[in-house]
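Working notes, beginning with the structure itself.
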Amino acid sequence: MTQRALPAITPETKHFWEGTRAGELRLQKCAACSHVYFPPRPFCPQCAAQDVQVFRASGRASLYSYVIHHRPTPGFTPPYSIAVVQLEEGPRMMTNIVEVEQTPEALLLDMPLEVTFERLTDEISLPLFRPARGAP
Amino acid sequence: MTPGSVAIVGAAETTELGVIPNMSQIQLHADAALNAMRDAALKPADIDGIACAGEIPTNIAHYLGIVPNWVDGTAVGGCSFMLHVRHAAAAISAGFCNTVLITHGESGRSRVGALPRSILPASLQGQFEAPYGIMGPPTMFTIPVLRYLKTYGVTQEQLAMVAVVQREWAAQNPRAMMKEPITVDDVLNSRMIAYPFRLFMCCLVTDGGGALILTSADRARDFPRKPVYILGSGESVESPMISQMADFTSSRAFRVAGRQAFASAGIHPADVDHLMIYDAFAHLPLYGLEDLGFVGRGEAAAFVAERNTAPGGKLPLNTNGGGLSYTHTGMYGMFALQESVRQVRGTAPAQVRDVQVAVCHGVGGMFSASGTIVMADRRP
């Protein structure tokens, strides 16, 4: 049983959470202006077009910025990273960096990462990121 | 609004600041409001406009016995009061009301009668940030900073200097919660909160409040205190999610609000005698100095380390000690405004000589909002 704060899925974000359950990171792309964006919305935040497509992202990212939190938090064992990653497709998202020491020495800005999924409940699988395999 | 056509004629903080377990949140609003009305020699019946954040204006108007013609409950975090000042100036200029009371009260530390802090699980932040273990501002406001440090080659020692310099200002202020001098080493050896942020780089958590009263400049000279004129103002919002802030090294909301404020006031950074930049964390004065155009990109840390913003420096900044050393209830913007008013009136504990133009710059909700007010000691 997780103690993490759990997302409540909305009609506009359903495709994203269906994707993570299926092991896919899904983003949206505007058919009119080609803008790729996150978080989910049924319209383009750049040009307001409502013709947008959901697609599977590569899952590749780089470490953009982070903190290492040292205080008690439900569902976490401090210290743990709270990070923002730069997705290969353009958007950024918040995540935790896992399968690596939670230290400034191990968490280097711009290091290559890849997505992995942690199943929290039947409904929610959370996208997390780990150092890319085969990366230096 | 014509620059200088509206003035602040009443300003006060709660009688006490810091730890006030014997007052609920709404009473902190009232305590500050009563002090501000006394400062302006006004009664509730003289007030016909009300603005506040943290409580809805209905609660405050009813509690104080005010019958408003104009109401503003803009709540965008700690800079809400800068937006209230701006909106009040517009409302007074438009003739919607004559005399506006703006209140802040927050039981940030004692949590007496305070609203619960929560993130809705169905909001975008609830879905795409909360599951990653964010726990309040120290885990969100701070996230862009490693990118800023790397982009500009700024060191943690330089970041620590912000806290050191502000403590020097606080030492001159009897009402500051933290007055003991500190060194860069003290800051870097204080308890780790969220790397790279240590305790002394994070704001205090206190109880308190403040209130302002504004009216038209034509009436302002009839009040007992020296009027503080509103010369210009600006406001903006960006993203409710820190992860979606467009540029981690610069705040769009800062730039938009600052640009409007300086342009509407007809001033340039070189004209500014005194500056407040809301400092919930040590990096905010750095972003503010750069985004408002006081220094170039990446130059703010060296500017602070070279003591330009310290007592005796050419740009006195956060002269009450700031959120880091003076007080920080949660929505600190009201206290930044109070210090700007004191400095323009000439009544601040660490008074800067001959303040003619003061800029007060606020941030709200982890870089999600901003408001900037330019004040002057005379009408242009």
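As shown in the structure tokens, the chain order sets the letters A, B, ...; within each chain, residues go from 1, and ligands are also counted from 1 in the order they appear.
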When you look at B:Leu315 with a cut-off of 12 Å (counting only C-alpha atoms), what residues show up, excluding the ones that are within fewer than 3 positions of it in the same chain? I need them as number ranges by chain. B: 269-277, 289, 294-295, 300, 303-304, 306-312, 318-319, 352-353, 355, 357-359
Okay, now the selection with N, CA and C atoms, as a PDB file, in the first residue's frame?
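File written: result28.pdb
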ATOM      1  N   PRO B 269      15.961  51.361 -13.828  1.00  0.00           N
ATOM      2  CA  PRO B 269      16.592  50.839 -12.616  1.00  0.00           C
ATOM      3  C   PRO B 269      17.512  51.858 -11.919  1.00  0.00           C
ATOM      4  N   ALA B 270      18.197  52.685 -12.688  1.00  0.00           N
ATOM      5  CA  ALA B 270      19.127  53.656 -12.083  1.00  0.00           C
ATOM      6  C   ALA B 270      18.405  54.696 -11.224  1.00  0.00           C
ATOM      7  N   ASP B 271      17.088  54.843 -11.423  1.00  0.00           N
ATOM      8  CA  ASP B 271      16.321  55.825 -10.645  1.00  0.00           C
ATOM      9  C   ASP B 271      15.912  55.299  -9.271  1.00  0.00           C
ATOM     10  N   VAL B 272      16.141  54.011  -9.004  1.00  0.00           N
ATOM     11  CA  VAL B 272      15.575  53.375  -7.809  1.00  0.00           C
ATOM     12  C   VAL B 272      16.507  53.567  -6.610  1.00  0.00           C
ATOM     13  N   ASP B 273      15.954  54.138  -5.538  1.00  0.00           N
ATOM     14  CA  ASP B 273      16.737  54.395  -4.322  1.00  0.00           C
ATOM     15  C   ASP B 273      16.674  53.238  -3.334  1.00  0.00           C
ATOM     16  N   HIS B 274      15.596  52.469  -3.416  1.00  0.00           N
ATOM     17  CA  HIS B 274      15.373  51.403  -2.431  1.00  0.00           C
ATOM     18  C   HIS B 274      14.576  50.293  -3.085  1.00  0.00           C
ATOM     19  N   LEU B 275      14.951  49.059  -2.772  1.00  0.00           N
ATOM     20  CA  LEU B 275      14.365  47.911  -3.475  1.00  0.00           C
ATOM     21  C   LEU B 275      13.980  46.816  -2.489  1.00  0.00           C
ATOM     22  N   MET B 276      12.789  46.275  -2.683  1.00  0.00           N
ATOM     23  CA  MET B 276      12.394  45.061  -1.972  1.00  0.00           C
ATOM     24  C   MET B 276      12.139  43.984  -3.024  1.00  0.00           C
ATOM     25  N   ILE B 277      12.711  42.804  -2.821  1.00  0.00           N
ATOM     26  CA  ILE B 277      12.410  41.643  -3.663  1.00  0.00           C
ATOM     27  C   ILE B 277      12.051  40.496  -2.730  1.00  0.00           C
ATOM     28  N   LEU B 289      16.774  40.683  -9.231  1.00  0.00           N
ATOM     29  CA  LEU B 289      17.733  41.703  -9.682  1.00  0.00           C
ATOM     30  C   LEU B 289      17.957  41.610 -11.188  1.00  0.00           C
ATOM     31  N   PHE B 294      18.175  45.270 -13.027  1.00  0.00           N
ATOM     32  CA  PHE B 294      19.185  45.982 -12.228  1.00  0.00           C
ATOM     33  C   PHE B 294      20.595  45.534 -12.588  1.00  0.00           C
ATOM     34  N   VAL B 295      20.722  44.275 -12.999  1.00  0.00           N
ATOM     35  CA  VAL B 295      22.013  43.740 -13.439  1.00  0.00           C
ATOM     36  C   VAL B 295      21.751  42.846 -14.648  1.00  0.00           C
ATOM     37  N   ALA B 300      23.810  38.727 -10.840  1.00  0.00           N
ATOM     38  CA  ALA B 300      23.243  39.137  -9.546  1.00  0.00           C
ATOM     39  C   ALA B 300      24.036  38.597  -8.357  1.00  0.00           C
ATOM     40  N   PHE B 303      26.997  40.626  -7.767  1.00  0.00           N
ATOM     41  CA  PHE B 303      26.534  41.955  -7.350  1.00  0.00           C
ATOM     42  C   PHE B 303      26.236  41.957  -5.841  1.00  0.00           C
ATOM     43  N   VAL B 304      25.590  40.898  -5.371  1.00  0.00           N
ATOM     44  CA  VAL B 304      25.289  40.788  -3.935  1.00  0.00           C
ATOM     45  C   VAL B 304      26.566  40.509  -3.145  1.00  0.00           C
ATOM     46  N   GLU B 306      29.478  41.339  -3.771  1.00  0.00           N
ATOM     47  CA  GLU B 306      30.318  42.553  -3.713  1.00  0.00           C
ATOM     48  C   GLU B 306      29.689  43.647  -2.848  1.00  0.00           C
ATOM     49  N   ARG B 307      28.628  43.289  -2.133  1.00  0.00           N
ATOM     50  CA  ARG B 307      28.009  44.124  -1.107  1.00  0.00           C
ATOM     51  C   ARG B 307      27.258  45.347  -1.655  1.00  0.00           C
ATOM     52  N   ASN B 308      26.836  45.266  -2.917  1.00  0.00           N
ATOM     53  CA  ASN B 308      26.062  46.383  -3.465  1.00  0.00           C
ATOM     54  C   ASN B 308      24.696  46.536  -2.810  1.00  0.00           C
ATOM     55  N   THR B 309      24.145  45.426  -2.301  1.00  0.00           N
ATOM     56  CA  THR B 309      22.802  45.475  -1.698  1.00  0.00           C
ATOM     57  C   THR B 309      22.867  45.508  -0.173  1.00  0.00           C
ATOM     58  N   ALA B 310      24.062  45.508   0.384  1.00  0.00           N
ATOM     59  CA  ALA B 310      24.270  45.458   1.836  1.00  0.00           C
ATOM     60  C   ALA B 310      24.170  46.867   2.431  1.00  0.00           C
ATOM     61  N   PRO B 311      24.086  46.973   3.746  1.00  0.00           N
ATOM     62  CA  PRO B 311      24.124  48.311   4.356  1.00  0.00           C
ATOM     63  C   PRO B 311      25.343  49.081   3.842  1.00  0.00           C
ATOM     64  N   GLY B 312      25.104  50.305   3.375  1.00  0.00           N
ATOM     65  CA  GLY B 312      26.188  51.105   2.808  1.00  0.00           C
ATOM     66  C   GLY B 312      26.368  50.914   1.318  1.00  0.00           C
ATOM     67  N   ASN B 318      15.973  44.707   0.543  1.00  0.00           N
ATOM     68  CA  ASN B 318      15.386  43.911   1.634  1.00  0.00           C
ATOM     69  C   ASN B 318      15.891  44.386   2.995  1.00  0.00           C
ATOM     70  N   THR B 319      15.679  45.659   3.221  1.00  0.00           N
ATOM     71  CA  THR B 319      16.256  46.350   4.374  1.00  0.00           C
ATOM     72  C   THR B 319      15.562  46.052   5.699  1.00  0.00           C
ATOM     73  N   VAL B 352      17.146  54.145   4.919  1.00  0.00           N
ATOM     74  CA  VAL B 352      18.034  54.566   3.845  1.00  0.00           C
ATOM     75  C   VAL B 352      17.825  56.070   3.643  1.00  0.00           C
ATOM     76  N   ARG B 353      18.901  56.770   3.377  1.00  0.00           N
ATOM     77  CA  ARG B 353      18.785  58.223   3.262  1.00  0.00           C
ATOM     78  C   ARG B 353      18.040  58.648   1.992  1.00  0.00           C
ATOM     79  N   VAL B 355      14.946  58.430   0.376  1.00  0.00           N
ATOM     80  CA  VAL B 355      14.326  57.515  -0.583  1.00  0.00           C
ATOM     81  C   VAL B 355      13.219  58.250  -1.328  1.00  0.00           C
ATOM     82  N   VAL B 357      12.334  57.131  -4.738  1.00  0.00           N
ATOM     83  CA  VAL B 357      11.674  56.107  -5.547  1.00  0.00           C
ATOM     84  C   VAL B 357      12.011  54.730  -4.957  1.00  0.00           C
ATOM     85  N   ALA B 358      10.963  53.971  -4.646  1.00  0.00           N
ATOM     86  CA  ALA B 358      11.141  52.631  -4.080  1.00  0.00           C
ATOM     87  C   ALA B 358      10.390  51.630  -4.941  1.00  0.00           C
ATOM     88  N   VAL B 359      11.017  50.490  -5.179  1.00  0.00           N
ATOM     89  CA  VAL B 359      10.374  49.418  -5.940  1.00  0.00           C
ATOM     90  C   VAL B 359      10.159  48.223  -5.024  1.00  0.00           C
TER      91      VAL B 359
END
From a DSSP pass on the backbone, collect the residues of stretch 36-83 of chain A flagged as strand (DSSP E) and hand them back as a VMD selection string. chain A and resid 36 to 37 52 to 56 60 to 69 80 to 83
Please save N, CA and C atoms of the selected residues as a tab-separated table (two decimals), in the first residue's frame.
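New file out.tsv:
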chain	number	residue	atom	x	y	z
A	36	VAL	N	4.60	20.02	-29.51
A	36	VAL	CA	4.48	18.87	-28.61
A	36	VAL	C	4.41	19.39	-27.19
A	37	TYR	N	3.43	18.94	-26.43
A	37	TYR	CA	3.23	19.57	-25.12
A	37	TYR	C	2.83	18.58	-24.03
A	52	VAL	N	-5.60	17.58	-31.92
A	52	VAL	CA	-4.32	17.17	-31.31
A	52	VAL	C	-4.25	15.65	-31.28
A	53	GLN	N	-3.03	15.13	-31.40
A	53	GLN	CA	-2.85	13.68	-31.42
A	53	GLN	C	-2.05	13.22	-30.22
A	54	VAL	N	-2.41	12.06	-29.73
A	54	VAL	CA	-1.65	11.43	-28.65
A	54	VAL	C	-0.65	10.48	-29.30
A	55	PHE	N	0.61	10.53	-28.84
A	55	PHE	CA	1.59	9.61	-29.38
A	55	PHE	C	2.51	9.09	-28.27
A	56	ARG	N	3.16	7.99	-28.55
A	56	ARG	CA	4.07	7.39	-27.58
A	56	ARG	C	5.43	8.07	-27.68
A	60	ARG	N	13.13	8.81	-23.61
A	60	ARG	CA	14.48	9.32	-23.37
A	60	ARG	C	14.40	10.77	-22.90
A	61	ALA	N	15.28	11.09	-21.95
A	61	ALA	CA	15.24	12.42	-21.35
A	61	ALA	C	16.63	12.75	-20.81
A	62	SER	N	16.78	13.99	-20.37
A	62	SER	CA	18.01	14.34	-19.65
A	62	SER	C	17.62	15.09	-18.37
A	63	LEU	N	18.54	15.06	-17.40
A	63	LEU	CA	18.25	15.65	-16.09
A	63	LEU	C	18.38	17.17	-16.19
A	64	TYR	N	17.27	17.87	-15.99
A	64	TYR	CA	17.27	19.31	-16.19
A	64	TYR	C	17.59	20.07	-14.91
A	65	SER	N	16.92	19.70	-13.82
A	65	SER	CA	17.21	20.32	-12.52
A	65	SER	C	16.57	19.46	-11.44
A	66	TYR	N	16.97	19.66	-10.18
A	66	TYR	CA	16.40	18.82	-9.12
A	66	TYR	C	16.74	19.39	-7.76
A	67	VAL	N	16.07	18.86	-6.75
A	67	VAL	CA	16.50	19.00	-5.36
A	67	VAL	C	16.60	17.60	-4.76
A	68	ILE	N	17.35	17.48	-3.68
A	68	ILE	CA	17.35	16.23	-2.91
A	68	ILE	C	16.71	16.54	-1.57
A	69	HIS	N	15.51	16.04	-1.38
A	69	HIS	CA	14.74	16.39	-0.19
A	69	HIS	C	15.20	15.54	1.00
A	80	TYR	N	15.68	11.89	-0.98
A	80	TYR	CA	15.21	11.44	-2.30
A	80	TYR	C	15.15	12.63	-3.24
A	81	SER	N	15.34	12.35	-4.51
A	81	SER	CA	15.37	13.42	-5.51
A	81	SER	C	13.97	13.75	-6.00
A	82	ILE	N	13.72	15.04	-6.16
A	82	ILE	CA	12.54	15.52	-6.89
A	82	ILE	C	13.12	16.28	-8.07
A	83	ALA	N	12.85	15.76	-9.26
A	83	ALA	CA	13.58	16.27	-10.42
A	83	ALA	C	12.63	16.75	-11.50
Which parts of stretch 57-164 of chain B does DSSP call alpha helix (DSSP H) when run on the backbone here, written out as a ChimeraX atom specification? /B:57-64,80-94,124-128,145-152,156-164
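The residue that comes closest to chain B, out of A:Val100, A:Ala57, A:Leu126, A:Leu25 and on the basis of only C-alpha atoms, is A:Leu126.
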Of the listed residues B:Gly232, B:Gly296, B:Pro131, B:Gly95, that which approaches A:Pro74 most closely, counting only C-alpha atoms: B:Pro131
